[in-house]
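Participant: Okay, here's the structure, questions in a sec.
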Amino acid sequence: MLVASASPAVGSPCLPRSPGGGRGRRGGGARFGMIAARSAPVSVAPILKKLQKDCDTPVPVLRHVADAMAADMRGGLAADGGSDLKMILSYVDSLPSGNEKGLFYALDLGGTNFRVLRVQLGGKEDRVLATEFDQVTIPQELMFSTSEELFDFIASGLAKFADKEGGKFHLPTGRKREIGFTFSFPVKQISIDSGILIKWTKGFAVSGTAGKDVVACLNEAMERRGLDMRVSALVNDTVATLAGARYWDNDVMVAVILGTGTNACYVERTDAIPKLNGYVSTSGRTIINTEWGAFSNGLPLTEFDREMDAASINPGEQIYEKTISGMYLGEIVRRALVRMAEEGALFGKSIPDKLLTPFLLRTPDLCSMQKDESDDLQKVGSVLYDVAGVESNLGARKVVVEVCDTIAKRGGRLAGAGIVGILQKMEEDSEGLIFGKRTVVAMDGGLYENYSQYRGYMHGAVTELLGTELSRNVVIEHSKDGSGIGAALLAAANSNYEHDF
């Protein structure tokens with residue numbers, strides 16, 4: 001652990017990127033100005049030590065998080081509002097088996113781009129014969145437009161993509177094209193092919209959609225465009241990831257997204273869902289979308305987490321997501337560095353205003369700095385200067401790496417505890433279902449894929465909680481872009497037409 005030895009000298013240089021002073025405040029300020037650090041700075045070491053203590057995740061803390069996750073899952077399954085976890089019924093009764101044949105489409109709408117994909121399925125022997133995909137950027141003005149304008153734009157993009165169909169892609173005569181619609185916004189699912197939008201998130205503010213069936217909105221737009229296509233499955237990205245991974249491996253029971261945001265889903269027995277109210281599944285099982293980002297029980301939080309939460313658009317909500325997902329890790333680090341710069345002169349006698357910009361530091365910046373193994377931590381210095389306008393000496397860079405590692409370690413280990421909580425709940429309901437055989441957790445998302453230190457901490461926490469022997473049966477696998485093909489596979493598994501098995 002780096003404490004006193006890593007602390008920079010009080011007078012370590014911090015050169016302004018432009019001459020002159022300028023005033024600033026925590027969380028905002030002019031772009032290139034400088035503000036003064038505290039006139040009589042304290043050492044950075046106590047601030048770093050407190051941060052590490054507050055973020056500590058020993059096994060008893062992880063055990064509590066896993067147990068609380070399992071308990072909240074039960075509460076959410078018992079009744080809507082029964083816990084922090086919504087435990088949303090996906091209405092996915094039929095998972096892909098490998099027998100599916102034919103041409104199917106997928107549409108993935110979850111941010112400022114939407115993706116379209118088509119896949120030709122060849123059944124058990126040939127599986128996926130061909131795939132093609134395209135990505136379309138949504139103009140910013142459409143994020144604040146009407147429901148009709150947004151869905152007309154999406155239908156237009158779909159139609160252009162469908163017009164290029166050919167080669168290895170064949171639609172049987174007399175059939176409509178069927179599409180799996182991955183819609184990663186809060187929806188109250190009504191059936192496998194319908195769901196009411198609760199609210200827009202991720203910067204969208206489209207009027208006239210809240211309270212409406214998003215599938216109907218898309219189907220109507222496709223009809224207006226003259227596109228012969230219908231939605232046969234509405235899913236979120238986590239459910240689609242599980243389906244895509246399950247197509248290749250029958251042992252997949254859980255899927256987790258760790259990217260900008262986070263979520264998890266798993267295969268549940270319908271007789272373990274008290275709130276079903278008479279819903280009957282043909283298979284006796286379904287996929288439950290946990291919406292685990294809302295979990296909050298027993299999480300080790302710092303003053304920087306609390307400050308960030310209070311300043312967020314949803315204070316008091318999504319606390320688990322705010323401690324483990326890619327959207328927030330960089331901001332927690334930035335807030336800690338600002339405190340160290342103000343009170344401990346981490347970067348010398350002045351602080352660039354730019355460092356006071358919320359969400360300036362992103363998770364890829366953290367990842368890049370943690371991967372720096374050079375003697376002078378040159379990459380750390382470059383990131384600090386290029387992103388935040390900060391001049392740093394070696395001591396300051398070492399502290400920055402320690403802060404990044406502290407936040408990444410807490411995030412990764414808490415994510416691992418959440419996974420164990422899900423597995424634990426499933427095992428308690430059906431002894432031997434999980435720990436008595438090979439069980440696969442499918443992972444997707446840029447945070448998991450690209451941040452090796454975070455990924456290692458997550459895997460380590462799972463092993464510590466389960467023990468070496470049990471953890472051998474739990475396989476955590478990366479399922480890259482599984483959600484795209486997964487939505488198309490769910491369209492196939494829930495097709496209106498009989499398969500020629």
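So you can find residues: chains in the structure tokens are A, B, ... in the order shown, residues in each start at 1, and ligands are numbered from 1 in order.
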Name all residues at most 6 Å from segment 233-246 of chain A (count only C-alpha atoms; drop same-chain ones fewer than 2 positions away) and give them as number ranges by chain.

Facilitator: A: 180-184, 192-193, 231, 248-250, 252, 255, 482-483, 485-487, 491

Participant: As a ChimeraX atom specification, please: every residue in segment 204-441 of chain A that a backbone DSSP assignment puts in strand (DSSP E).

Facilitator: /A:229-235,252-258,262-269,285-289,350-352,439-441

Participant: So that I can see what lies close to Glu402 of chain A, please list as a VMD selection string the residues with an atom at most 12 Å from it, counting only C-alpha atoms and leaving out residues fewer than 5 positions away in the same chain.

Facilitator: chain A and resid 1 to 3 6 to 7 44 to 45 47 to 49 51 to 52 333 336 to 337 366 369 to 370 380 395 to 397 407 to 409

Participant: Please report the interatomic distance between atom CA of Lys354 of chain A and atom CA of Val401 of chain A in Å with one decimal.

Facilitator: 19.4 Å

Participant: Show which residues sit within 8 Å of segment 442-457 of chain A, as a ChimeraX atom specification. Count only C-alpha atoms, and ignore same-chain residues fewer than 5 positions away.

Facilitator: /A:241-242,245,252,254-260,325-326,363-364,367,370,405,408-409,411-413,416,476-482

Participant: Just to be explicit: take each residue in the selection above, keep N, CA, C and O atoms, and write the result as a short mmCIF file (atom, residue, chain, number, x, y, z; two decimals), in the first residue's frame.

Facilitator:
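Writing done, so here's selection-v1.cif:
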```cif
data_model
loop_
_atom_site.label_atom_id
_atom_site.label_comp_id
_atom_site.auth_asym_id
_atom_site.auth_seq_id
_atom_site.Cartn_x
_atom_site.Cartn_y
_atom_site.Cartn_z
N THR A 241 -28.80 -11.47 -23.74
CA THR A 241 -27.46 -12.04 -23.55
C THR A 241 -27.56 -13.48 -23.05
O THR A 241 -26.83 -14.36 -23.52
N LEU A 242 -28.45 -13.71 -22.09
CA LEU A 242 -28.63 -15.07 -21.58
C LEU A 242 -29.08 -16.00 -22.70
O LEU A 242 -28.56 -17.11 -22.86
N ALA A 245 -26.21 -16.76 -25.17
CA ALA A 245 -25.22 -17.69 -24.62
C ALA A 245 -25.80 -19.10 -24.46
O ALA A 245 -25.11 -20.09 -24.70
N VAL A 252 -25.79 -22.48 -19.29
CA VAL A 252 -25.92 -21.06 -18.94
C VAL A 252 -27.21 -20.85 -18.13
O VAL A 252 -28.30 -21.19 -18.58
N VAL A 254 -27.29 -17.83 -15.79
CA VAL A 254 -27.28 -16.44 -15.35
C VAL A 254 -26.60 -15.60 -16.43
O VAL A 254 -25.67 -16.07 -17.09
N ALA A 255 -27.05 -14.36 -16.61
CA ALA A 255 -26.34 -13.41 -17.48
C ALA A 255 -26.19 -12.10 -16.73
O ALA A 255 -27.10 -11.67 -16.03
N VAL A 256 -25.03 -11.49 -16.89
CA VAL A 256 -24.73 -10.22 -16.22
C VAL A 256 -24.14 -9.24 -17.23
O VAL A 256 -23.26 -9.61 -18.01
N ILE A 257 -24.66 -8.02 -17.23
CA ILE A 257 -24.08 -6.94 -18.03
C ILE A 257 -23.29 -6.04 -17.09
O ILE A 257 -23.80 -5.55 -16.08
N LEU A 258 -22.01 -5.84 -17.41
CA LEU A 258 -21.17 -4.88 -16.70
C LEU A 258 -20.55 -3.96 -17.74
O LEU A 258 -19.54 -4.28 -18.35
N GLY A 259 -21.22 -2.84 -17.96
CA GLY A 259 -20.75 -1.88 -18.94
C GLY A 259 -20.93 -0.48 -18.36
O GLY A 259 -20.61 -0.25 -17.19
N THR A 260 -21.49 0.42 -19.16
CA THR A 260 -21.82 1.75 -18.65
C THR A 260 -22.78 1.62 -17.48
O THR A 260 -22.64 2.27 -16.45
N SER A 325 -20.64 0.06 -11.70
CA SER A 325 -20.72 0.14 -13.16
C SER A 325 -19.80 1.22 -13.74
O SER A 325 -19.37 2.14 -13.05
N GLY A 326 -19.55 1.08 -15.04
CA GLY A 326 -18.58 1.93 -15.72
C GLY A 326 -18.93 3.40 -15.77
O GLY A 326 -18.05 4.25 -15.89
N THR A 363 -14.14 5.58 -17.18
CA THR A 363 -13.56 4.28 -16.81
C THR A 363 -12.41 3.88 -17.74
O THR A 363 -11.41 3.33 -17.26
N PRO A 364 -12.49 4.11 -19.06
CA PRO A 364 -11.32 3.78 -19.90
C PRO A 364 -10.05 4.51 -19.47
O PRO A 364 -8.94 3.98 -19.62
N CYS A 367 -8.73 2.53 -16.49
CA CYS A 367 -8.15 1.28 -17.00
C CYS A 367 -6.77 1.53 -17.61
O CYS A 367 -5.82 0.80 -17.33
N GLN A 370 -4.21 2.23 -14.85
CA GLN A 370 -3.85 1.05 -14.05
C GLN A 370 -2.98 0.06 -14.82
O GLN A 370 -2.26 -0.74 -14.23
N ASP A 405 -7.20 1.90 -8.23
CA ASP A 405 -7.25 0.50 -7.82
C ASP A 405 -8.26 0.29 -6.69
O ASP A 405 -8.97 -0.72 -6.67
N ALA A 408 -11.79 0.42 -8.28
CA ALA A 408 -12.00 -0.73 -9.16
C ALA A 408 -12.11 -2.02 -8.34
O ALA A 408 -12.94 -2.89 -8.65
N LYS A 409 -11.29 -2.13 -7.31
CA LYS A 409 -11.32 -3.34 -6.47
C LYS A 409 -12.65 -3.47 -5.76
O LYS A 409 -13.26 -4.55 -5.75
N GLY A 411 -15.53 -2.16 -6.68
CA GLY A 411 -16.55 -2.44 -7.68
C GLY A 411 -16.55 -3.88 -8.16
O GLY A 411 -17.60 -4.53 -8.21
N GLY A 412 -15.37 -4.38 -8.49
CA GLY A 412 -15.27 -5.76 -8.97
C GLY A 412 -15.69 -6.78 -7.92
O GLY A 412 -16.40 -7.74 -8.21
N ARG A 413 -15.26 -6.56 -6.69
CA ARG A 413 -15.57 -7.52 -5.63
C ARG A 413 -17.07 -7.48 -5.26
O ARG A 413 -17.67 -8.53 -5.01
N GLY A 416 -18.88 -9.40 -7.90
CA GLY A 416 -18.73 -10.83 -7.65
C GLY A 416 -19.66 -11.33 -6.56
O GLY A 416 -20.26 -12.40 -6.67
N ILE A 476 -17.45 -18.54 -15.44
CA ILE A 476 -17.83 -17.18 -15.83
C ILE A 476 -17.22 -16.91 -17.20
O ILE A 476 -16.00 -16.89 -17.36
N GLU A 477 -18.10 -16.77 -18.20
CA GLU A 477 -17.64 -16.67 -19.58
C GLU A 477 -18.06 -15.37 -20.22
O GLU A 477 -19.18 -14.89 -20.01
N HIS A 478 -17.17 -14.81 -21.03
CA HIS A 478 -17.52 -13.61 -21.78
C HIS A 478 -18.38 -13.99 -22.99
O HIS A 478 -18.03 -14.89 -23.74
N SER A 479 -19.51 -13.33 -23.13
CA SER A 479 -20.42 -13.58 -24.26
C SER A 479 -20.52 -12.30 -25.06
O SER A 479 -21.49 -11.56 -24.95
N LYS A 480 -19.52 -12.04 -25.88
CA LYS A 480 -19.43 -10.75 -26.58
C LYS A 480 -20.58 -10.57 -27.56
O LYS A 480 -20.84 -11.43 -28.38
N ASP A 481 -21.27 -9.43 -27.42
CA ASP A 481 -22.39 -9.08 -28.31
C ASP A 481 -23.46 -10.16 -28.33
O ASP A 481 -24.15 -10.34 -29.33
N GLY A 482 -23.58 -10.89 -27.23
CA GLY A 482 -24.59 -11.95 -27.17
C GLY A 482 -26.00 -11.42 -27.26
O GLY A 482 -26.91 -12.13 -27.69
#
```

Participant: Would you mind listing what lies within 7 Å of segment 59-66 of chain A as an NGL selection string, with only C-alpha atoms counted and same-chain residues fewer than 3 positions away left out?

Facilitator: :A and (69-70 or 297-299 or 414 or 417-418 or 420-421 or 465)

Participant: Grab the atom CA of Gly157 of chain A to atom CA of Val136 of chain A distance for me, in Å with one decimal place.

Facilitator: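 The value is 7.2 Å.
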
Participant: Between atom CA of Leu346 of chain A and atom CA of Arg362 of chain A, what is the spacing in Å?

Facilitator: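 So the answer is 19.8 Å.
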
Participant: Pick from A:Ile287, A:Leu329, A:Ile419, A:Ala68: nearest to Leu95 of chain A, with only C-alpha atoms counted?

Facilitator: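 Ranking A:Ile287, A:Leu329, A:Ile419, A:Ala68 by distance to Leu95 of chain A, first place goes to A:Ile287.
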
Participant: As an MDAnalysis selection string, list the residues of segment 69-190 of chain A assigned to alpha helix (DSSP H) by DSSP on the backbone atoms of this structure.

Facilitator: chainID A and resid 69:78 123:126 147:163

Participant: I need the chosen residues saved as a compact mmCIF listing (two decimals), in the first residue's frame, with N, CA, C and O atoms.

Facilitator:
```txt
# COMPACT_ATOMS: atom_id res chain seq x y z
N MET A 69 -28.53 -9.86 -1.22
CA MET A 69 -28.99 -9.94 -2.61
C MET A 69 -30.00 -11.07 -2.76
O MET A 69 -31.08 -10.89 -3.36
N ALA A 70 -29.68 -12.24 -2.20
CA ALA A 70 -30.59 -13.39 -2.27
C ALA A 70 -31.92 -13.07 -1.57
O ALA A 70 -33.00 -13.41 -2.08
N ALA A 71 -31.84 -12.42 -0.42
CA ALA A 71 -33.06 -12.06 0.33
C ALA A 71 -33.91 -11.06 -0.45
O ALA A 71 -35.14 -11.17 -0.50
N ASP A 72 -33.26 -10.05 -1.06
CA ASP A 72 -34.00 -9.07 -1.84
C ASP A 72 -34.63 -9.68 -3.08
O ASP A 72 -35.70 -9.26 -3.53
N MET A 73 -33.96 -10.69 -3.65
CA MET A 73 -34.55 -11.40 -4.79
C MET A 73 -35.86 -12.06 -4.37
O MET A 73 -36.88 -11.95 -5.07
N ARG A 74 -35.84 -12.72 -3.23
CA ARG A 74 -37.07 -13.37 -2.73
C ARG A 74 -38.16 -12.34 -2.47
O ARG A 74 -39.33 -12.56 -2.80
N GLY A 75 -37.78 -11.21 -1.88
CA GLY A 75 -38.77 -10.17 -1.61
C GLY A 75 -39.41 -9.64 -2.88
O GLY A 75 -40.63 -9.42 -2.94
N GLY A 76 -38.60 -9.42 -3.91
CA GLY A 76 -39.10 -8.92 -5.19
C GLY A 76 -39.94 -9.93 -5.94
O GLY A 76 -40.84 -9.56 -6.71
N LEU A 77 -39.67 -11.23 -5.73
CA LEU A 77 -40.47 -12.28 -6.35
C LEU A 77 -41.81 -12.46 -5.64
O LEU A 77 -42.81 -12.88 -6.25
N ALA A 78 -41.84 -12.13 -4.36
CA ALA A 78 -43.06 -12.31 -3.56
C ALA A 78 -44.12 -11.29 -3.95
O ALA A 78 -45.32 -11.60 -4.03
N GLY A 123 -30.74 -24.85 -37.86
CA GLY A 123 -31.11 -26.00 -37.05
C GLY A 123 -29.93 -26.58 -36.30
O GLY A 123 -28.84 -26.00 -36.26
N LYS A 124 -30.15 -27.76 -35.72
CA LYS A 124 -29.19 -28.37 -34.79
C LYS A 124 -27.81 -28.58 -35.41
O LYS A 124 -26.79 -28.35 -34.76
N GLU A 125 -27.79 -29.00 -36.65
CA GLU A 125 -26.50 -29.32 -37.26
C GLU A 125 -25.73 -28.08 -37.71
O GLU A 125 -24.55 -27.93 -37.44
N ASP A 126 -26.43 -27.17 -38.37
CA ASP A 126 -25.75 -26.02 -38.98
C ASP A 126 -25.73 -24.77 -38.11
O ASP A 126 -24.94 -23.86 -38.33
N SER A 147 -42.89 10.45 -30.10
CA SER A 147 -42.80 9.00 -30.24
C SER A 147 -42.87 8.59 -31.71
O SER A 147 -42.09 7.75 -32.17
N GLU A 148 -43.80 9.19 -32.46
CA GLU A 148 -43.98 8.84 -33.87
C GLU A 148 -42.72 9.14 -34.67
O GLU A 148 -42.28 8.34 -35.50
N GLU A 149 -42.10 10.30 -34.41
CA GLU A 149 -40.90 10.68 -35.16
C GLU A 149 -39.75 9.72 -34.88
O GLU A 149 -39.03 9.31 -35.80
N LEU A 150 -39.55 9.36 -33.61
CA LEU A 150 -38.45 8.45 -33.26
C LEU A 150 -38.66 7.08 -33.89
O LEU A 150 -37.75 6.53 -34.53
N PHE A 151 -39.85 6.51 -33.73
CA PHE A 151 -40.08 5.16 -34.24
C PHE A 151 -40.16 5.13 -35.76
O PHE A 151 -39.79 4.12 -36.38
N ASP A 152 -40.58 6.23 -36.39
CA ASP A 152 -40.53 6.30 -37.85
C ASP A 152 -39.09 6.26 -38.35
O ASP A 152 -38.77 5.63 -39.36
N PHE A 153 -38.20 6.95 -37.63
CA PHE A 153 -36.78 6.95 -38.00
C PHE A 153 -36.20 5.54 -37.86
O PHE A 153 -35.46 5.07 -38.73
N ILE A 154 -36.55 4.85 -36.75
CA ILE A 154 -36.06 3.48 -36.53
C ILE A 154 -36.59 2.54 -37.61
O ILE A 154 -35.85 1.72 -38.17
N ALA A 155 -37.89 2.66 -37.93
CA ALA A 155 -38.49 1.81 -38.96
C ALA A 155 -37.85 2.06 -40.32
O ALA A 155 -37.65 1.12 -41.11
N SER A 156 -37.49 3.31 -40.58
CA SER A 156 -36.83 3.64 -41.84
C SER A 156 -35.46 2.96 -41.93
O SER A 156 -35.09 2.40 -42.97
N GLY A 157 -34.71 3.00 -40.81
CA GLY A 157 -33.41 2.32 -40.77
C GLY A 157 -33.55 0.81 -40.94
O GLY A 157 -32.75 0.17 -41.64
N LEU A 158 -34.57 0.25 -40.31
CA LEU A 158 -34.84 -1.19 -40.46
C LEU A 158 -35.17 -1.54 -41.90
O LEU A 158 -34.71 -2.56 -42.44
N ALA A 159 -36.00 -0.71 -42.54
CA ALA A 159 -36.41 -0.97 -43.91
C ALA A 159 -35.22 -0.95 -44.86
O ALA A 159 -35.09 -1.80 -45.74
N LYS A 160 -34.33 0.04 -44.66
CA LYS A 160 -33.13 0.12 -45.51
C LYS A 160 -32.27 -1.12 -45.34
O LYS A 160 -31.70 -1.64 -46.31
N PHE A 161 -32.16 -1.59 -44.09
CA PHE A 161 -31.37 -2.79 -43.82
C PHE A 161 -32.02 -4.01 -44.46
O PHE A 161 -31.35 -4.85 -45.08
N ALA A 162 -33.36 -4.12 -44.34
CA ALA A 162 -34.08 -5.27 -44.91
C ALA A 162 -33.99 -5.28 -46.43
O ALA A 162 -33.95 -6.35 -47.05
N ASP A 163 -33.93 -4.09 -47.04
CA ASP A 163 -33.84 -4.01 -48.51
C ASP A 163 -32.55 -4.63 -49.05
O ASP A 163 -32.50 -5.04 -50.21
```

Participant: Go through A:Ile324, A:Glu132, A:Gln424, A:Ser83 one by one, measure the shortest atom-to-atom distance of each to Leu466 of chain A using only C-alpha atoms, and give the residue with the smallest value.

Facilitator: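 That would be A:Gln424, the residue with the smallest distance to Leu466 of chain A.
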
Participant: Counting only C-alpha atoms, which residue out of A:Phe185, A:Val280, A:Phe133, A:Leu171 sits closest to Gly110 of chain A?

Facilitator: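 Among A:Phe185, A:Val280, A:Phe133, A:Leu171, it is A:Phe185 that comes nearest to Gly110 of chain A.
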
Participant: I'd like to know which of A:Pro58, A:Asp134, A:Lys50, A:Ala272 is closest to Glu428 of chain A, using only C-alpha atoms.

Facilitator: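 The answer is A:Ala272, which sits nearest to Glu428 of chain A.
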
Participant: Of the candidates A:Val119, A:Ile88, A:Leu227, A:Ile422, which one gets nearest to Val187 of chain A if we count only C-alpha atoms?

Facilitator: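 When distances to Val187 of chain A are compared using only C-alpha atoms, the smallest one comes from A:Ile88.
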